[in-house]
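In what follows, a single structure is set out as structure tokens and then discussed.
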Amino acid sequence: MEEVESNSKAKKNNILRQVYDFTMKQCEKPSADIFLAVFSFFEAIIIPIPTDPFLLARATAKPKKALHITTIVVVTSVLGAAAGYYIGMTMWESIGPFFYKHVIHEETFRIVQKRFSDSAFLFTFLGGFTPLPFKVFAVTAGTMKLSFAPFILGAIIGRGMRFYTIGALVYYYGETIKTFIEERLEKFFWGTAVVVVLLVSLKYAI
């Protein structure tokens, strides 16, 4: 049984690696911006690989267009989040089993639902800003039929802050900043998220 699970996990990791390598190659082509827009849209719904490394690869290839490329990614990611919300709201009974099997464990999903009931805006922002799988937050908000306005606002701010941090750094520092982003930026995102949560918790505690 353990061997079967191990083989299944290895096969899944191999598929993800192939998808990663394929996507990275697409980012080198003239049509890269279009491909990146499509990838960013579906990453907010179902794709298990984050957009960040591909945005970084594309932006460092054309530093002067970094902010333009970032805008494309932010817009399509937010549109993807809206689509994920709609899918969760209208199609969850059909896609739920698939989601549990391939995207998130049911127990984790229930935890996210519980947190969402506390603050749709805050947890959408955290899902968009941190390395957490954003698709889970988008679909979950839809399944709970949460107010769309705070959800989409959290998505815009969270995704915007995350991706524009990368785009701005590349725009001003060029390819020399790539190693710094790859090695340290994720820690910055997590640190900022912790500070935001603490500030909000303190606000409600007073």
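Going through the structure tokens in order, the chains are called A, B, and so on, while each chain numbers its residues from 1 and the ligands are numbered from 1 in the order shown.
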Please identify all polymer residues within 7 Å of region 37-50 of chain A, counting only C-alpha atoms, omitting same-chain residues fewer than 4 positions from it, and present them as an NGL selection string. :A and (33 or 72-73 or 76-77 or 79-81 or 84 or 134-135)
Could the residues in this selection be written to a file with C-alpha atoms, as a PDB file, in the first residue's frame?
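And here is the file that came out, result.pdb:
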```pdb
ATOM      1  CA  ASP A  33       2.543  37.330 -22.532  1.00  0.00           C
ATOM      2  CA  ILE A  72      -1.467  41.373 -17.289  1.00  0.00           C
ATOM      3  CA  VAL A  73      -0.836  38.736 -14.623  1.00  0.00           C
ATOM      4  CA  THR A  76      -6.013  37.703 -15.348  1.00  0.00           C
ATOM      5  CA  SER A  77      -5.399  36.243 -11.888  1.00  0.00           C
ATOM      6  CA  LEU A  79     -10.502  37.326 -13.297  1.00  0.00           C
ATOM      7  CA  GLY A  80      -9.547  33.722 -12.584  1.00  0.00           C
ATOM      8  CA  ALA A  81     -10.454  34.230  -8.932  1.00  0.00           C
ATOM      9  CA  GLY A  84     -13.276  30.228  -9.309  1.00  0.00           C
ATOM     10  CA  PHE A 134      -5.080  30.902  -4.011  1.00  0.00           C
ATOM     11  CA  LYS A 135      -7.492  28.660  -5.929  1.00  0.00           C
TER      12      LYS A 135
END
```
Among listed residues A:Val78, A:Pro131, A:Gly142, A:His102, nearest Pro53 (chain A) (using only C-alpha atoms): A:Pro131
What parts of region 12-206 of chain A does DSSP call alpha helix (DSSP H)? I'd like the answer as a PyMOL selection string. chain A and resi 12-26+32-43+52-61+66-102+106-116+120-129+134-143+148-173+178-205
